[in-house]
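S.K.: Enclosed is the structure file query-v3.cif (mmCIF, C-alpha atoms).
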data_run
#
loop_
_atom_site.label_atom_id
_atom_site.label_comp_id
_atom_site.auth_asym_id
_atom_site.auth_seq_id
_atom_site.Cartn_x
_atom_site.Cartn_y
_atom_site.Cartn_z
CA MET D 1 66.13 -44.93 -26.23
CA ASN D 2 67.66 -41.67 -25.17
CA LEU D 3 65.99 -39.80 -28.00
CA ARG D 4 62.51 -40.91 -26.97
CA ARG D 5 63.03 -39.75 -23.43
CA ASP D 6 64.21 -36.43 -24.78
CA VAL D 7 61.03 -35.95 -26.79
CA PHE D 8 59.02 -36.43 -23.64
CA GLN D 9 61.16 -34.06 -21.68
CA ALA D 10 60.62 -31.63 -24.52
CA ILE D 11 56.85 -31.79 -24.41
CA ALA D 12 56.73 -31.92 -20.61
CA ASP D 13 57.43 -28.19 -20.45
CA PRO D 14 54.37 -25.91 -20.81
CA THR D 15 56.28 -23.17 -22.67
CA ARG D 16 57.61 -25.69 -25.16
CA ARG D 17 54.14 -27.10 -25.66
CA ALA D 18 52.87 -23.58 -26.31
CA ILE D 19 55.68 -23.05 -28.83
CA LEU D 20 54.70 -26.28 -30.60
CA LEU D 21 51.11 -25.12 -30.80
CA LEU D 22 52.13 -21.76 -32.25
CA VAL D 23 54.41 -23.27 -34.84
CA ALA D 24 51.90 -26.02 -35.67
CA SER D 25 49.54 -23.38 -37.04
CA GLN D 26 52.24 -21.70 -39.15
CA ALA D 27 56.01 -21.65 -39.64
CA MET D 28 57.57 -18.77 -37.70
CA THR D 29 60.92 -17.10 -37.10
CA ALA D 30 62.50 -17.17 -33.63
CA GLY D 31 61.68 -13.48 -33.24
CA ALA D 32 58.00 -13.97 -34.07
CA ILE D 33 57.80 -16.90 -31.63
CA ALA D 34 59.52 -14.93 -28.86
CA ALA D 35 57.09 -12.03 -29.38
CA ASN D 36 54.33 -14.32 -28.08
CA PHE D 37 55.99 -14.80 -24.73
CA ASP D 38 57.02 -12.58 -21.87
CA THR D 39 59.98 -14.86 -21.31
CA ALA D 40 63.42 -13.45 -22.11
CA ARG D 41 64.54 -14.01 -25.68
CA PRO D 42 67.53 -16.27 -24.74
CA THR D 43 65.13 -18.50 -22.78
CA VAL D 44 62.90 -18.87 -25.83
CA SER D 45 66.00 -19.61 -27.93
CA LYS D 46 66.95 -22.35 -25.51
CA HIS D 47 63.46 -23.88 -25.81
CA LEU D 48 63.72 -23.72 -29.61
CA GLN D 49 67.09 -25.41 -29.47
CA ILE D 50 65.74 -28.29 -27.38
CA LEU D 51 62.72 -28.72 -29.66
CA THR D 52 64.97 -28.68 -32.73
CA GLU D 53 67.44 -31.14 -31.20
CA CYS D 54 64.73 -33.71 -30.63
CA GLU D 55 63.38 -33.00 -34.13
CA LEU D 56 59.97 -31.73 -33.07
CA LEU D 57 60.85 -28.53 -34.93
CA LYS D 58 62.66 -28.20 -38.23
CA GLN D 59 64.62 -25.15 -39.32
CA GLU D 60 64.31 -23.91 -42.87
CA GLN D 61 66.22 -21.05 -44.41
CA SER D 62 64.08 -18.61 -46.37
CA GLY D 63 66.16 -15.70 -47.65
CA ARG D 64 67.87 -14.21 -44.64
CA GLU D 65 65.38 -15.61 -42.17
CA ILE D 66 65.27 -19.00 -40.50
CA TYR D 67 61.77 -20.34 -40.09
CA TYR D 68 60.76 -22.99 -37.57
CA HIS D 69 58.36 -25.68 -38.81
CA PHE D 70 56.43 -28.17 -36.73
CA ASN D 71 57.58 -31.70 -37.55
CA ALA D 72 54.29 -33.59 -37.32
CA LYS D 73 55.94 -36.74 -38.66
CA LYS D 74 58.30 -36.87 -35.71
CA MET D 75 55.38 -36.46 -33.36
CA LYS D 76 53.70 -39.48 -34.96
CA GLU D 77 56.88 -41.52 -34.80
CA VAL D 78 56.90 -41.26 -31.06
CA ALA D 79 55.20 -44.45 -29.95
CA ASP D 80 53.94 -42.74 -26.82
CA PHE D 81 52.29 -39.97 -28.75
CA ILE D 82 48.98 -41.42 -27.61
CA GLU D 83 50.05 -41.40 -23.96
CA PRO D 84 47.82 -38.40 -23.09
CA PHE D 85 44.90 -40.34 -24.61
CA ARG D 86 45.77 -43.42 -22.56
CA LYS D 87 46.21 -41.31 -19.44
CA MET D 88 42.76 -39.76 -19.95
CA TRP D 89 41.13 -43.20 -20.06
CA ASP D 90 43.28 -44.51 -17.21
CA ASP D 91 42.19 -41.61 -14.97
CA ARG D 92 38.58 -42.16 -15.92
CA PHE D 93 38.73 -45.90 -15.22
CA ASN D 94 40.53 -45.32 -11.90
CA LYS D 95 37.65 -43.12 -10.89
CA LEU D 96 35.15 -45.78 -11.96
CA GLU D 97 37.04 -48.35 -9.88
CA ASP D 98 37.11 -46.12 -6.80
CA ILE D 99 33.43 -45.29 -7.03
CA MET D 100 32.41 -48.92 -7.48
CA LYS D 101 34.63 -50.10 -4.61
CA LYS D 102 32.81 -47.68 -2.31
CA TYR D 103 29.50 -48.76 -3.82
CA LYS D 104 30.36 -52.38 -3.00
CA SER D 105 31.20 -51.65 0.62
CA LYS D 106 27.99 -49.71 1.22
CA MET I 1 54.50 -52.63 -13.27
CA GLU I 2 52.11 -53.52 -16.05
CA GLN I 3 49.70 -50.77 -17.05
CA LYS I 4 46.08 -51.45 -16.21
CA THR I 5 44.79 -49.46 -19.16
CA LYS I 6 46.18 -50.31 -22.58
CA ILE I 7 45.60 -48.67 -25.93
CA HIS I 8 46.25 -50.59 -29.10
CA ALA I 9 46.15 -48.47 -32.26
CA GLU I 10 47.80 -50.09 -35.26
CA ASP I 11 49.23 -47.76 -37.83
CA GLY I 12 47.01 -47.18 -40.84
CA LYS I 13 43.92 -48.81 -39.33
CA GLN I 14 40.67 -47.05 -38.58
CA GLU I 15 40.12 -48.87 -35.33
CA LEU I 16 41.26 -48.71 -31.76
CA LEU I 17 41.34 -51.16 -28.86
CA ILE I 18 41.18 -50.08 -25.25
CA THR I 19 41.61 -52.74 -22.56
CA ARG I 20 41.47 -52.37 -18.84
CA THR I 21 41.48 -54.74 -15.89
CA PHE I 22 39.50 -53.80 -12.79
CA ASP I 23 39.64 -54.94 -9.17
CA LEU I 24 35.87 -55.28 -9.37
CA PRO I 25 33.49 -58.16 -10.00
CA VAL I 26 32.12 -57.95 -13.55
CA GLU I 27 28.61 -57.14 -12.23
CA LEU I 28 29.86 -53.96 -10.55
CA LEU I 29 31.88 -52.97 -13.60
CA PHE I 30 28.82 -53.36 -15.80
CA LYS I 31 26.68 -51.40 -13.33
CA ALA I 32 29.06 -48.45 -13.75
CA TYR I 33 27.98 -48.34 -17.40
CA ALA I 34 24.31 -49.06 -16.87
CA GLU I 35 23.21 -46.85 -13.98
CA PRO I 36 22.83 -43.17 -14.95
CA GLY I 37 23.74 -41.90 -11.47
CA ILE I 38 27.00 -43.84 -11.48
CA VAL I 39 27.87 -42.93 -15.09
CA GLU I 40 27.51 -39.28 -14.08
CA GLN I 41 30.00 -39.70 -11.24
CA TRP I 42 32.91 -41.31 -13.06
CA MET I 43 32.40 -39.73 -16.48
CA GLY I 44 31.92 -36.29 -14.96
CA THR I 45 28.96 -35.72 -17.23
CA LYS I 46 25.23 -35.19 -16.95
CA VAL I 47 23.11 -38.08 -18.23
CA LEU I 48 20.10 -36.66 -20.06
CA LYS I 49 18.96 -40.00 -21.39
CA LEU I 50 20.15 -43.60 -21.08
CA GLU I 51 17.91 -46.29 -22.50
CA ASN I 52 19.68 -49.59 -21.87
CA LYS I 53 18.04 -51.73 -24.52
CA ARG I 54 18.22 -52.65 -28.17
CA HIS I 55 17.23 -49.59 -30.25
CA GLY I 56 17.59 -47.42 -27.18
CA GLY I 57 19.44 -44.13 -27.20
CA TYR I 58 21.60 -42.12 -24.84
CA GLN I 59 22.48 -38.48 -24.45
CA PHE I 60 25.15 -36.96 -22.19
CA GLU I 61 26.00 -33.34 -21.55
CA THR I 62 29.28 -32.10 -20.08
CA THR I 63 29.87 -28.58 -18.82
CA ASP I 64 33.41 -27.20 -18.71
CA PRO I 65 34.66 -24.82 -15.97
CA LYS I 66 33.78 -21.87 -18.19
CA GLY I 67 30.18 -23.01 -18.47
CA ASN I 68 30.35 -24.22 -22.08
CA LYS I 69 28.20 -27.26 -22.72
CA TYR I 70 29.24 -30.24 -24.84
CA GLY I 71 26.78 -32.86 -26.01
CA PHE I 72 27.41 -36.53 -26.71
CA ASN I 73 24.89 -39.03 -27.97
CA GLY I 74 24.45 -42.40 -29.58
CA VAL I 75 22.20 -45.35 -30.23
CA ILE I 76 22.37 -48.66 -28.42
CA HIS I 77 22.34 -51.72 -30.65
CA GLU I 78 22.98 -54.49 -28.14
CA PHE I 79 22.68 -54.53 -24.39
CA VAL I 80 23.45 -57.85 -22.69
CA PRO I 81 23.84 -57.36 -18.90
CA ASN I 82 27.32 -58.22 -17.56
CA GLN I 83 28.49 -59.19 -21.07
CA LYS I 84 28.31 -56.59 -23.76
CA ILE I 85 27.12 -53.26 -25.07
CA THR I 86 27.27 -52.27 -28.73
CA ARG I 87 26.57 -48.63 -29.45
CA THR I 88 27.38 -45.65 -31.62
CA PHE I 89 28.99 -42.52 -30.20
CA GLU I 90 29.02 -38.99 -31.52
CA MET I 91 30.37 -35.71 -30.18
CA GLU I 92 27.87 -33.07 -31.14
CA ASN I 93 28.97 -30.00 -33.12
CA THR I 94 32.39 -31.44 -33.97
CA PRO I 95 33.73 -32.69 -37.30
CA PHE I 96 34.62 -36.09 -35.81
CA GLY I 97 31.51 -37.92 -36.95
CA VAL I 98 30.03 -41.11 -35.61
CA GLN I 99 32.04 -44.01 -34.25
CA LEU I 100 30.95 -47.56 -33.54
CA GLU I 101 31.81 -49.00 -30.12
CA PHE I 102 31.86 -52.60 -28.92
CA TYR I 103 32.15 -53.09 -25.16
CA GLU I 104 32.93 -56.57 -23.81
CA PHE I 105 32.79 -57.23 -20.11
CA GLN I 106 34.70 -60.32 -18.94
CA PRO I 107 34.91 -61.84 -15.47
CA LEU I 108 38.52 -62.79 -14.62
CA THR I 109 38.04 -64.00 -11.03
CA ASP I 110 35.21 -63.41 -8.54
CA ASP I 111 36.68 -60.01 -7.73
CA THR I 112 38.39 -58.94 -10.93
CA SER I 113 37.18 -58.26 -14.43
CA LYS I 114 38.29 -56.97 -17.79
CA LEU I 115 36.78 -54.49 -20.19
CA ASN I 116 37.58 -54.56 -23.91
CA ILE I 117 36.46 -51.58 -25.95
CA HIS I 118 36.76 -51.87 -29.71
CA ILE I 119 36.09 -48.59 -31.52
CA VAL I 120 35.69 -48.32 -35.28
CA PHE I 121 36.05 -44.91 -36.93
CA ARG I 122 34.97 -43.72 -40.34
CA SER I 123 38.55 -43.25 -41.52
CA VAL I 124 42.17 -43.63 -40.41
CA ALA I 125 42.53 -39.84 -40.35
CA ASN I 126 39.44 -39.62 -38.18
CA ARG I 127 40.89 -42.10 -35.67
CA ASP I 128 44.28 -40.37 -35.55
CA GLN I 129 42.58 -37.04 -34.94
CA MET I 130 40.65 -38.50 -32.03
CA LEU I 131 43.83 -40.04 -30.57
CA GLN I 132 45.58 -36.70 -30.74
CA LEU I 133 42.76 -34.78 -29.09
CA PRO I 134 43.94 -35.05 -25.46
CA PHE I 135 47.45 -34.09 -26.56
CA ALA I 136 46.15 -31.07 -28.48
CA GLN I 137 43.98 -30.11 -25.50
CA GLY I 138 47.05 -30.35 -23.28
CA ILE I 139 48.87 -27.93 -25.55
CA ASN I 140 45.84 -25.67 -25.72
CA MET I 141 45.47 -25.59 -21.97
CA ALA I 142 49.15 -24.74 -21.57
CA HIS I 143 48.71 -22.01 -24.14
CA ASN I 144 45.62 -20.59 -22.44
CA ARG I 145 47.40 -20.60 -19.10
CA LEU I 146 50.25 -18.70 -20.68
CA GLN I 147 47.83 -16.21 -22.15
CA ASP I 148 46.14 -15.78 -18.77
CA ILE I 149 49.47 -15.18 -17.07
CA ALA I 150 50.62 -12.85 -19.84
CA GLY I 151 47.28 -11.00 -19.61
CA LYS I 152 47.78 -10.39 -15.89
CA LEU I 153 51.26 -9.02 -16.44
CA LYS I 154 50.03 -6.32 -18.80
#
In structure tokens, how does this file's structure come out?

M.R.:
Amino acid sequence: MNLRRDVFQAIADPTRRAILLLVASQAMTAGAIAANFDTARPTVSKHLQILTECELLKQEQSGREIYYHFNAKKMKEVADFIEPFRKMWDDRFNKLEDIMKKYKSK
Amino acid sequence: MEQKTKIHAEDGKQELLITRTFDLPVELLFKAYAEPGIVEQWMGTKVLKLENKRHGGYQFETTDPKGNKYGFNGVIHEFVPNQKITRTFEMENTPFGVQLEFYEFQPLTDDTSKLNIHIVFRSVANRDQMLQLPFAQGINMAHNRLQDIAGKLK
């Protein structure tokens, strides 16, 4: 179960989510990814390492360069991939409940 | 603690089940779906039209913080007070297409109730795309925030 928790730690960070979005549109080298951020290069490398370790990113050698690919399959394997969807509905229903409780007591 | 809102999406199926229990009598839960003024409050949307009857239609419009407007609409097929609503739902100007929604309102006790929403999509891919939307938006928002911050640093 450790792996699943790691995936969620991975996507809990806004910079890592931004990296995933970038790489989801096209495979990129570490340098090209880092160029999109003001963060120091070693920090970006650390983020890439975490994302690769939990298999959200895959490395592929192409000539002398290493490209990072988005591993959509891994994303789908995570049972809680739909958690943001559930959370959206949960928030909405909580609001409904609050409003109707006040309505009742009027 | 058990989650009050549950999502059931079986792999490879073009449907989705959303269930939620409420600390509300079923009449109040149903009212939240039937009264335009209340729908506006909890959905955070403007209700342009809501005809609660067979063959009736509805139209909602949501405005984001940037002032962009998003339209939603559908047709009501069944409307049985405190029991069920069957309707279609469509997000305007998106490639998602129309989905069919079955709402079932169940009393549990005098003060609690349950809502079952069964949504049928045109395809499995269509459903998966819809499920991923809030996640993608989360990433997008994070990305926009980063761009805003980066923009200020320049």

S.K.: Quick check on the file I pasted: which residues fall under the PyMOL selection byres ((chain D) within 6 of (chain I))? Write them as a list in words.

M.R.: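 Taken on the displayed file, the PyMOL selection byres ((chain D) within 6 of (chain I)) yields the residues Pro14, Arg17, Ala18, Pro84, Phe85, Asp90, Lys95 and Leu96 of chain D.
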
S.K.: For atom CA of Ala24 of chain D and atom CA of Leu57 of chain D, determine how far apart the two atoms are, in Å to one decimal place.

M.R.: 9.3 Å

S.K.: Between atom CA of Val98 of chain I and atom CA of Gly56 of chain I, what is the spacing in Å?

M.R.: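 Straight-line distance from atom CA of Gly56 of chain I to atom CA of Val98 of chain I works out to 16.3 Å.
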
S.K.: Just to confirm, what's the straight-line distance from atom CA of Lys46 of chain D to atom CA of Ala34 of chain D in Å (one decimal)?

M.R.: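 These atoms are spaced 11.0 Å apart.
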
S.K.: As a check of understanding, name the residues that the PyMOL selection byres ((chain D and resi 39) around 12) selects in the supplied structure, as a PDB file with C-alpha atoms, in the coordinates of the input.

M.R.:
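This went into out.pdb:
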ATOM      1  CA  THR D  15      56.280 -23.170 -22.670  1.00  0.00           C
ATOM      2  CA  ARG D  16      57.610 -25.690 -25.160  1.00  0.00           C
ATOM      3  CA  ILE D  19      55.680 -23.050 -28.830  1.00  0.00           C
ATOM      4  CA  ILE D  33      57.800 -16.900 -31.630  1.00  0.00           C
ATOM      5  CA  ALA D  34      59.520 -14.930 -28.860  1.00  0.00           C
ATOM      6  CA  ALA D  35      57.090 -12.030 -29.380  1.00  0.00           C
ATOM      7  CA  ASN D  36      54.330 -14.320 -28.080  1.00  0.00           C
ATOM      8  CA  PHE D  37      55.990 -14.800 -24.730  1.00  0.00           C
ATOM      9  CA  ASP D  38      57.020 -12.580 -21.870  1.00  0.00           C
ATOM     10  CA  ALA D  40      63.420 -13.450 -22.110  1.00  0.00           C
ATOM     11  CA  ARG D  41      64.540 -14.010 -25.680  1.00  0.00           C
ATOM     12  CA  PRO D  42      67.530 -16.270 -24.740  1.00  0.00           C
ATOM     13  CA  THR D  43      65.130 -18.500 -22.780  1.00  0.00           C
ATOM     14  CA  VAL D  44      62.900 -18.870 -25.830  1.00  0.00           C
ATOM     15  CA  SER D  45      66.000 -19.610 -27.930  1.00  0.00           C
ATOM     16  CA  LYS D  46      66.950 -22.350 -25.510  1.00  0.00           C
ATOM     17  CA  HIS D  47      63.460 -23.880 -25.810  1.00  0.00           C
TER      18      HIS D  47
ATOM     19  CA  LEU I 146      50.250 -18.700 -20.680  1.00  0.00           C
ATOM     20  CA  ILE I 149      49.470 -15.180 -17.070  1.00  0.00           C
ATOM     21  CA  ALA I 150      50.620 -12.850 -19.840  1.00  0.00           C
ATOM     22  CA  LEU I 153      51.260  -9.020 -16.440  1.00  0.00           C
TER      23      LEU I 153
END

S.K.: Could you pull the residues within 9 Å of Phe102 of chain I, counting all atoms listed in the file, minus those fewer than 6 positions along the same chain, as a list in words?

M.R.: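 In the requested format, the answer is Lys84, Ile85, Thr86, Arg87, Thr88, Asn116, Ile117, His118, Ile119 and Val120 of chain I.
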
S.K.: For a quick check of your reading of the model, name the residues lying within 7 Å of the coordinate (27.2, -59.6, -14.5), counting all atoms listed in the file, and write them as a list in words.

M.R.: Val26, Glu27, Phe30, Pro81, Asn82 and Gln83 of chain I

S.K.: Please put the answer as AutoDock Vina command-line options: centre and edge lengths, in Å with one decimal, of a box along x, y and z that encloses all listed atoms of segment 18-31 of chain D plus 6 Å on each side.

M.R.:
--center_x 56.0 --center_y -19.9 --center_z -33.0 --size_x 25.0 --size_y 24.8 --size_z 25.3

S.K.: Show me, as a compact mmCIF listing (two decimals) with C-alpha atoms, keeping the file's coordinate frame, the residues that have an atom within 9 Å of Glu55 of chain D when counting only C-alpha atoms, minus same-chain residues fewer than 6 positions from it.

M.R.:
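Dumped to selection_33.txt:
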# COMPACT_ATOMS: atom_id res chain seq x y z
CA VAL D 7 61.03 -35.95 -26.79
CA PHE D 70 56.43 -28.17 -36.73
CA ASN D 71 57.58 -31.70 -37.55
CA LYS D 74 58.30 -36.87 -35.71
CA MET D 75 55.38 -36.46 -33.36

S.K.: Got a sec: who's within 9 Å of Glu65 of chain D, counting all atoms listed in the file, leaving out chain neighbours fewer than 4 positions off, as a VMD selection string?

M.R.: chain D and resid 29 60 to 61

S.K.: Can you tell me, as number ranges by chain, what residues are no more than 9 Å from Thr63 of chain I when counting all atoms listed in the file, ignoring any on the same chain fewer than 5 positions away?

M.R.: I: 44-46, 68-71

S.K.: Which residue is closest to Ser123 of chain I? Choose from I:Asn73, I:Gln99, I:Asn52, I:Gln59 and count all atoms listed in the file.

M.R.: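 Among the listed residues, the smallest separation from Ser123 of chain I belongs to I:Gln99.
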
S.K.: Taking all atoms listed in the file into account, name the residue in I:Gly74, I:Gly12, I:Gly57, I:Gly37 that is nearest to Leu100 of chain I.

M.R.: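 The answer is I:Gly74, which sits nearest to Leu100 of chain I.
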
S.K.: Find the spatial neighbours of Phe72 of chain I, counting only C-alpha atoms, within a cut-off of 9 Å - ignore same-chain residues fewer than 5 positions away - and output them as a list in words.

M.R.: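 Neighbouring residues, sequence-local ones excluded: Tyr58, Gln59, Phe60, Glu61, Thr62, Phe89, Glu90, Met91 and Glu92 of chain I.
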